[in-house]
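J.: Structure below; questions to follow.
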Amino acid sequence: MDHAALRHHGDLDAEPGLLDFAVNVQGSGPPPWLRERIAAVLDDLGRYPGAVHDRAAREAVARRHGRRPDEVLVLAGSAEGFALLPGLRPRLAAVLHPGFTEPEAALRDAGVPVVRVFTDGAGRLLPGSVPPDADLVVIGNPTNPTGVLHPAAEVRALRAPGRVLLVDEAFADAVPGEPETLAGDADVLVFRSLTKTWALAGLRAGYALGPPELLARLARPRPPWPVSTPALEAVIACCEPAAVAEAAESARRLAVLRAEQAAALAAVDGVTVLPGVAPYLLLRLPDGHGERVRAELRAAGIAVRRGDTFPGLDADHIRVAVRPAAQVARLSEALAVALADCSKATFTQRDGVKVAMLHSGGAS
């Protein structure tokens, strides 16, 4: 795979004007109460973000997860955390795939040796698959784009003396009850994002949980004032009990929508819906038809996330965000039309003669 493909993310697929199934942000913006909280600190923009606000944000996160404030590092989104990973100076990083590609891209750009550790056909961890000399291991839970939620015990088994285990829990709060989270484990590095549940992609807000000395190493390359005052306020607001309860209710609604969307898409001839628990679904299309289907969906005004930039997947995989029923109906109809077109006769040149080739359109 071209290294540049690791930098491809869903926002590149979701051009303005398209019905967006490519980006996993829920909604077009934060709820009114959160907007008001952020707006309330705009008068402070003439001043640099201060230690008092940062401390308040760390204390809010600590209360939310039962941790100490010194076990919290507020980030300008999880992406900042991934960009800081080379500062840990790993000798060998193991990244589980298919998975979010930004950690590998950041590590490779810094010259860190990276080994890809692939899950099995169901997206599950393979015991003993991580090289014993890897001193940094990165795994998403639930994993993007497969939506697989790995048992906490299996993830903990990846710990080893002298090794940093990073668990990307960007979508953990979108799973009802947040099962299998390691946010309370004192010896694991966990990244959390506010982007997806609270529709704050443009604000860049998240945080890391981990041992204080490890967080200090992670933060060493940061410039002064890396997190804005509005982002710090958003972290405080989203970690308050009422917000946590609202996120939990949103996760329950998402689970219902995901099940309904999975059933609707599975009813489209030629579409295989892979099981997952995240606010997105990974689809498998008939062999060799993925690029054409994506193009026809785009022509119909629909953006989906291409799968071939994820190591371990190919062009016949697409990821689609969980969306309301009316939008899912439009996607299902467009998929049915695109796959029906694929089943029609196409032509190829064979010995200089145009020959009809019939495609079944069935799932492999």
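Residue numbering restarts at 1 for every chain of the structure tokens, chains are lettered A, B, ... in their displayed order, and ligands are numbered from 1 as they appear.
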If you run DSSP on this backbone, which residues of stretch 12-177 of chain A come out as helix (DSSP H, G or I), and could you give them as JSON, numbers by chain?
T.: {"A": [12, 13, 32, 33, 34, 35, 36, 37, 38, 39, 42, 43, 44, 51, 52, 53, 54, 55, 56, 57, 58, 59, 60, 61, 62, 63, 64, 65, 69, 70, 71, 78, 79, 80, 81, 82, 83, 84, 85, 86, 87, 88, 102, 103, 104, 105, 106, 107, 108, 109, 152, 153, 154, 155, 156, 172, 173, 174]}
J.: Tell me, as a PDB file with N, CA and C atoms, in the first residue's frame, which residues lie within 8 Å of stretch 165-180 of chain A, counting only C-alpha atoms; anything in the same chain fewer than 4 positions away does not count.
T.:
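selection_34.pdb, freshly written:
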ATOM      1  N   SER A  78      -7.682  13.401  19.358  1.00  0.00           N
ATOM      2  CA  SER A  78      -6.804  12.230  19.417  1.00  0.00           C
ATOM      3  C   SER A  78      -5.694  12.303  18.377  1.00  0.00           C
ATOM      4  N   LEU A 136       5.890  -0.658  21.568  1.00  0.00           N
ATOM      5  CA  LEU A 136       4.676   0.152  21.465  1.00  0.00           C
ATOM      6  C   LEU A 136       3.664  -0.655  20.659  1.00  0.00           C
ATOM      7  N   VAL A 137       2.479  -0.844  21.213  1.00  0.00           N
ATOM      8  CA  VAL A 137       1.409  -1.567  20.532  1.00  0.00           C
ATOM      9  C   VAL A 137       0.182  -0.655  20.482  1.00  0.00           C
ATOM     10  N   VAL A 138      -0.409  -0.537  19.296  1.00  0.00           N
ATOM     11  CA  VAL A 138      -1.557   0.345  19.097  1.00  0.00           C
ATOM     12  C   VAL A 138      -2.737  -0.480  18.620  1.00  0.00           C
ATOM     13  N   ILE A 139      -3.856  -0.331  19.306  1.00  0.00           N
ATOM     14  CA  ILE A 139      -5.083  -1.035  18.917  1.00  0.00           C
ATOM     15  C   ILE A 139      -6.278  -0.112  19.144  1.00  0.00           C
ATOM     16  N   GLY A 140      -7.237  -0.153  18.233  1.00  0.00           N
ATOM     17  CA  GLY A 140      -8.484   0.571  18.421  1.00  0.00           C
ATOM     18  C   GLY A 140      -9.539  -0.334  19.029  1.00  0.00           C
ATOM     19  N   ASN A 141     -10.337   0.210  19.943  1.00  0.00           N
ATOM     20  CA  ASN A 141     -11.379  -0.602  20.570  1.00  0.00           C
ATOM     21  C   ASN A 141     -12.569   0.269  20.937  1.00  0.00           C
ATOM     22  N   PRO A 142     -13.708   0.159  20.200  1.00  0.00           N
ATOM     23  CA  PRO A 142     -13.890  -0.684  19.024  1.00  0.00           C
ATOM     24  C   PRO A 142     -13.012  -0.214  17.862  1.00  0.00           C
ATOM     25  N   LEU A 149     -15.387  -5.044  18.751  1.00  0.00           N
ATOM     26  CA  LEU A 149     -15.048  -4.686  20.121  1.00  0.00           C
ATOM     27  C   LEU A 149     -14.292  -5.863  20.733  1.00  0.00           C
ATOM     28  N   HIS A 150     -13.028  -5.645  21.032  1.00  0.00           N
ATOM     29  CA  HIS A 150     -12.188  -6.707  21.568  1.00  0.00           C
ATOM     30  C   HIS A 150     -12.404  -6.830  23.076  1.00  0.00           C
ATOM     31  N   PRO A 151     -12.481  -8.045  23.611  1.00  0.00           N
ATOM     32  CA  PRO A 151     -12.607  -8.209  25.056  1.00  0.00           C
ATOM     33  C   PRO A 151     -11.445  -7.553  25.790  1.00  0.00           C
ATOM     34  N   ALA A 152     -11.755  -6.876  26.885  1.00  0.00           N
ATOM     35  CA  ALA A 152     -10.720  -6.170  27.638  1.00  0.00           C
ATOM     36  C   ALA A 152      -9.593  -7.112  28.065  1.00  0.00           C
ATOM     37  N   LEU A 158      -1.969  -7.914  25.883  1.00  0.00           N
ATOM     38  CA  LEU A 158      -0.929  -7.331  25.040  1.00  0.00           C
ATOM     39  C   LEU A 158       0.102  -6.563  25.857  1.00  0.00           C
ATOM     40  N   ARG A 159      -0.165  -6.352  27.146  1.00  0.00           N
ATOM     41  CA  ARG A 159       0.804  -5.663  27.992  1.00  0.00           C
ATOM     42  C   ARG A 159       2.042  -6.536  28.181  1.00  0.00           C
ATOM     43  N   VAL A 188      -2.169   1.507  31.334  1.00  0.00           N
ATOM     44  CA  VAL A 188      -2.437   1.504  29.896  1.00  0.00           C
ATOM     45  C   VAL A 188      -2.637   2.941  29.426  1.00  0.00           C
ATOM     46  N   LEU A 189      -2.144   3.250  28.237  1.00  0.00           N
ATOM     47  CA  LEU A 189      -2.360   4.557  27.626  1.00  0.00           C
ATOM     48  C   LEU A 189      -3.632   4.498  26.798  1.00  0.00           C
ATOM     49  N   VAL A 190      -4.596   5.347  27.115  1.00  0.00           N
ATOM     50  CA  VAL A 190      -5.893   5.346  26.431  1.00  0.00           C
ATOM     51  C   VAL A 190      -6.143   6.728  25.842  1.00  0.00           C
ATOM     52  N   PHE A 191      -6.535   6.769  24.574  1.00  0.00           N
ATOM     53  CA  PHE A 191      -6.944   8.022  23.942  1.00  0.00           C
ATOM     54  C   PHE A 191      -8.460   8.039  23.816  1.00  0.00           C
ATOM     55  N   ARG A 192      -9.038   9.178  24.159  1.00  0.00           N
ATOM     56  CA  ARG A 192     -10.476   9.384  24.015  1.00  0.00           C
ATOM     57  C   ARG A 192     -10.718  10.632  23.165  1.00  0.00           C
ATOM     58  N   SER A 193     -11.804  10.605  22.407  1.00  0.00           N
ATOM     59  CA  SER A 193     -12.165  11.720  21.534  1.00  0.00           C
ATOM     60  C   SER A 193     -13.563  12.221  21.867  1.00  0.00           C
ATOM     61  N   LEU A 194     -13.773  13.522  21.734  1.00  0.00           N
ATOM     62  CA  LEU A 194     -15.112  14.097  21.861  1.00  0.00           C
ATOM     63  C   LEU A 194     -15.717  14.395  20.491  1.00  0.00           C
ATOM     64  N   LYS A 196     -16.734  12.541  17.849  1.00  0.00           N
ATOM     65  CA  LYS A 196     -17.776  11.767  17.187  1.00  0.00           C
ATOM     66  C   LYS A 196     -19.137  11.949  17.846  1.00  0.00           C
ATOM     67  N   THR A 197     -19.205  11.719  19.156  1.00  0.00           N
ATOM     68  CA  THR A 197     -20.494  11.793  19.849  1.00  0.00           C
ATOM     69  C   THR A 197     -21.029  13.212  19.917  1.00  0.00           C
ATOM     70  N   ALA A 247     -24.752  11.046  26.604  1.00  0.00           N
ATOM     71  CA  ALA A 247     -23.982  10.234  25.666  1.00  0.00           C
ATOM     72  C   ALA A 247     -24.400   8.774  25.748  1.00  0.00           C
ATOM     73  N   ALA A 248     -24.688   8.311  26.957  1.00  0.00           N
ATOM     74  CA  ALA A 248     -25.124   6.921  27.124  1.00  0.00           C
ATOM     75  C   ALA A 248     -26.451   6.676  26.429  1.00  0.00           C
ATOM     76  N   GLU A 249     -27.355   7.621  26.536  1.00  0.00           N
ATOM     77  CA  GLU A 249     -28.652   7.487  25.857  1.00  0.00           C
ATOM     78  C   GLU A 249     -28.467   7.541  24.343  1.00  0.00           C
ATOM     79  N   SER A 250     -27.578   8.396  23.884  1.00  0.00           N
ATOM     80  CA  SER A 250     -27.288   8.469  22.452  1.00  0.00           C
ATOM     81  C   SER A 250     -26.727   7.147  21.953  1.00  0.00           C
ATOM     82  N   ALA A 251     -25.883   6.504  22.759  1.00  0.00           N
ATOM     83  CA  ALA A 251     -25.314   5.211  22.369  1.00  0.00           C
ATOM     84  C   ALA A 251     -26.399   4.158  22.227  1.00  0.00           C
ATOM     85  N   ARG A 252     -27.383   4.197  23.117  1.00  0.00           N
ATOM     86  CA  ARG A 252     -28.482   3.228  23.024  1.00  0.00           C
ATOM     87  C   ARG A 252     -29.303   3.453  21.752  1.00  0.00           C
ATOM     88  N   LEU A 254     -28.187   4.804  18.987  1.00  0.00           N
ATOM     89  CA  LEU A 254     -27.324   4.414  17.869  1.00  0.00           C
ATOM     90  C   LEU A 254     -27.340   2.907  17.652  1.00  0.00           C
ATOM     91  N   ALA A 255     -27.371   2.142  18.742  1.00  0.00           N
ATOM     92  CA  ALA A 255     -27.382   0.682  18.618  1.00  0.00           C
ATOM     93  C   ALA A 255     -28.626   0.212  17.884  1.00  0.00           C
ATOM     94  N   VAL A 277     -20.064  -3.225  16.428  1.00  0.00           N
ATOM     95  CA  VAL A 277     -20.847  -2.552  17.465  1.00  0.00           C
ATOM     96  C   VAL A 277     -20.642  -1.042  17.464  1.00  0.00           C
ATOM     97  N   ALA A 278     -19.953  -0.522  16.481  1.00  0.00           N
ATOM     98  CA  ALA A 278     -19.615   0.898  16.434  1.00  0.00           C
ATOM     99  C   ALA A 278     -20.678   1.703  15.681  1.00  0.00           C
ATOM    100  N   PRO A 279     -20.561   3.027  15.646  1.00  0.00           N
ATOM    101  CA  PRO A 279     -21.520   3.851  14.902  1.00  0.00           C
ATOM    102  C   PRO A 279     -21.229   3.889  13.405  1.00  0.00           C
TER     103      PRO A 279
END
J.: Pick the closest to A:Ala122 from A:Leu45, A:Ala83, A:Val148, A:Ala299: which is it, counting only C-alpha atoms?
T.: A:Val148
J.: If you count only C-alpha atoms, which residues fall within 8 Å of stretch 214-224 of chain A, apart from same-chain ones fewer than 3 positions away, as a list in words?
T.: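 In the requested format, the answer is Glu71, Val72, Leu73, Gly81, Leu84, Leu85, Gly87, Leu88, Ala208, Leu209, Gly210 and Pro211 of chain A.
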J.: So that I have them on file, write out the residues from the current selection with C-alpha atoms, as a CSV table (one decimal), in the first residue's frame.
T.:
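Final output, saved to again.csv:
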chain,number,residue,atom,x,y,z
A,71,GLU,CA,-3.2,10.8,34.9
A,72,VAL,CA,-5.0,13.0,32.4
A,73,LEU,CA,-3.5,14.9,29.4
A,81,GLY,CA,-1.9,12.3,20.5
A,84,LEU,CA,3.1,12.9,19.7
A,85,LEU,CA,3.8,9.1,19.7
A,87,GLY,CA,8.3,11.3,21.0
A,88,LEU,CA,8.1,8.1,23.1
A,208,ALA,CA,-5.2,10.8,27.1
A,209,LEU,CA,-5.3,8.7,30.2
A,210,GLY,CA,-2.2,7.0,31.5
A,211,PRO,CA,0.7,6.9,34.0
J.: Determine which residues of stretch 194-347 of chain A DSSP labels as strand (DSSP E) from the backbone of this structure, then write them out as a PyMOL selection string.
T.: chain A and resi 206-209+272-274+280-284+302-303+305-306+317-321+346-347
J.: Atoms to include: N, CA and C atoms. Write the selected residues as a compact mmCIF listing (two decimals), in the first residue's frame.
T.:
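Generated output (selection.txt):
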# COMPACT_ATOMS: atom_id res chain seq x y z
N GLY A 206 -10.04 16.25 22.87
CA GLY A 206 -9.95 14.88 23.35
C GLY A 206 -9.01 14.83 24.53
N TYR A 207 -8.61 13.62 24.94
CA TYR A 207 -7.69 13.52 26.06
C TYR A 207 -7.05 12.14 26.10
N ALA A 208 -5.94 12.08 26.82
CA ALA A 208 -5.23 10.83 27.05
C ALA A 208 -5.29 10.49 28.53
N LEU A 209 -5.35 9.21 28.82
CA LEU A 209 -5.30 8.70 30.19
C LEU A 209 -4.11 7.77 30.29
N THR A 272 -22.72 -7.61 1.62
CA THR A 272 -22.47 -8.35 2.85
C THR A 272 -22.16 -7.34 3.95
N VAL A 273 -22.94 -7.36 5.03
CA VAL A 273 -22.73 -6.46 6.16
C VAL A 273 -21.95 -7.21 7.22
N LEU A 274 -20.76 -6.72 7.54
CA LEU A 274 -19.94 -7.38 8.54
C LEU A 274 -20.37 -6.94 9.94
N TYR A 280 -20.78 2.77 12.86
CA TYR A 280 -20.53 2.63 11.43
C TYR A 280 -20.58 1.14 11.11
N LEU A 281 -20.70 0.83 9.84
CA LEU A 281 -20.76 -0.55 9.38
C LEU A 281 -19.76 -0.74 8.25
N LEU A 282 -19.09 -1.87 8.25
CA LEU A 282 -18.19 -2.23 7.16
C LEU A 282 -18.94 -3.16 6.22
N LEU A 283 -18.95 -2.80 4.95
CA LEU A 283 -19.67 -3.57 3.93
C LEU A 283 -18.67 -4.22 2.98
N ARG A 284 -19.02 -5.42 2.52
CA ARG A 284 -18.26 -6.11 1.49
C ARG A 284 -19.11 -6.18 0.24
N ILE A 302 -24.04 10.53 -3.00
CA ILE A 302 -23.79 9.86 -1.72
C ILE A 302 -22.31 9.58 -1.56
N ALA A 303 -21.76 9.96 -0.41
CA ALA A 303 -20.36 9.71 -0.10
C ALA A 303 -20.25 8.56 0.89
N ARG A 305 -17.12 5.83 2.73
CA ARG A 305 -15.68 5.76 3.01
C ARG A 305 -15.07 4.58 2.28
N ARG A 306 -14.11 4.84 1.42
CA ARG A 306 -13.44 3.76 0.71
C ARG A 306 -12.68 2.89 1.70
N HIS A 317 -14.37 -3.17 -0.20
CA HIS A 317 -14.89 -2.82 1.11
C HIS A 317 -15.24 -1.34 1.16
N ILE A 318 -16.36 -1.01 1.77
CA ILE A 318 -16.70 0.38 2.05
C ILE A 318 -17.22 0.45 3.48
N ARG A 319 -16.99 1.61 4.09
CA ARG A 319 -17.51 1.85 5.44
C ARG A 319 -18.59 2.91 5.35
N VAL A 320 -19.69 2.69 6.07
CA VAL A 320 -20.79 3.65 6.06
C VAL A 320 -21.17 3.98 7.50
N ALA A 321 -21.32 5.26 7.78
CA ALA A 321 -21.72 5.71 9.11
C ALA A 321 -23.18 5.36 9.36
N THR A 346 -20.82 -6.32 -19.38
CA THR A 346 -19.76 -5.37 -19.70
C THR A 346 -18.90 -6.02 -20.76
N PHE A 347 -17.99 -5.26 -21.30
CA PHE A 347 -17.24 -5.79 -22.43
C PHE A 347 -15.75 -5.70 -22.19
J.: Taking only C-alpha atoms into account, name the residue in A:Ala231, A:Ala329, A:Val271, A:Val155 that is nearest to A:Arg37.
T.: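 Result for the nearest residue to A:Arg37: A:Ala231.
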J.: Give me the residues near A:Ala93 as a ChimeraX atom specification, where near means some atom within 7 Å (using only C-alpha atoms) and where sequence neighbours in that chain fewer than 6 positions away do not count.
T.: /A:113-115,134-137
J.: How would the residues just chosen look if you wrote them out with C-alpha atoms as a short mmCIF file (atom, residue, chain, number, x, y, z; two decimals), in the first residue's frame?
T.:
data_model
loop_
_atom_site.label_atom_id
_atom_site.label_comp_id
_atom_site.auth_asym_id
_atom_site.auth_seq_id
_atom_site.Cartn_x
_atom_site.Cartn_y
_atom_site.Cartn_z
CA PRO A 113 9.95 0.98 12.44
CA VAL A 114 6.38 -0.33 12.23
CA VAL A 115 5.10 -3.87 11.92
CA ALA A 134 7.49 -4.43 20.03
CA ASP A 135 7.73 -1.76 22.73
CA LEU A 136 4.68 0.15 21.46
CA VAL A 137 1.41 -1.57 20.53
#
J.: Using only C-alpha atoms, which of A:Val256, A:Gly77, A:Ala157, A:Gly111 sits nearest A:Gly128?
T.: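 Counting only C-alpha atoms, the residue closest to A:Gly128 is A:Ala157.
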J.: So how many Å separate atom CA of A:His97 and atom CA of A:Arg253, to one decimal?
T.: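 Pair atom CA of A:His97 / atom CA of A:Arg253 returns 28.2 Å.
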J.: Find the residue from A:Arg294, A:Pro275, A:Thr229, A:Glu240 that sits nearest to A:Asp43; use only C-alpha atoms when measuring.
T.: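 Looking at the shortest contact to A:Asp43, the residue is A:Thr229.
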J.: So that I can check the surroundings of A:Ser332, please list as a PyMOL selection string every protein, DNA and RNA residue that reaches within 9 Å of it, counting only C-alpha atoms and ignoring chain neighbours fewer than 4 positions away.
T.: chain A and resi 264-265+267-268+327-328+336-337
J.: Counting only C-alpha atoms, what is within 12 Å of A:Arg35, bar same-chain residues fewer than 3 positions away, as a VMD selection string?
T.: chain A and resid 29 to 32 38 to 42 198 to 200 203 230 to 231 233 to 234 237 to 238
J.: Find the residues near A:Ala326: any atom within 12 Å, counting only C-alpha atoms, skip ones fewer than 2 places away on the same chain, and give them as a PyMOL selection string.
T.: chain A and resi 19+257+260-261+264+322-324+328-333
J.: For a quick check of understanding, using only C-alpha atoms, which of A:Ala51, A:Arg204, A:Arg298, A:Ala338 has the smallest distance to A:Leu18?
T.: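 Checking each candidate against A:Leu18, we get A:Arg298 as the closest.
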J.: Could you check the closest approach to A:Ala79 for each of A:Arg7, A:Arg91, A:Arg292, A:Arg63 and tell me which residue wins, using only C-alpha atoms?
T.: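 That would be A:Arg7, the residue with the smallest distance to A:Ala79.
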J.: For atom CA of A:Thr195 and atom CA of A:Gly27, quote the distance in Å rounded to one decimal.
T.: 10.6 Å
J.: What does the distance from atom CA of A:Phe100 to atom CA of A:Asn144 come to in Å, to one decimal?
T.: 5.5 Å
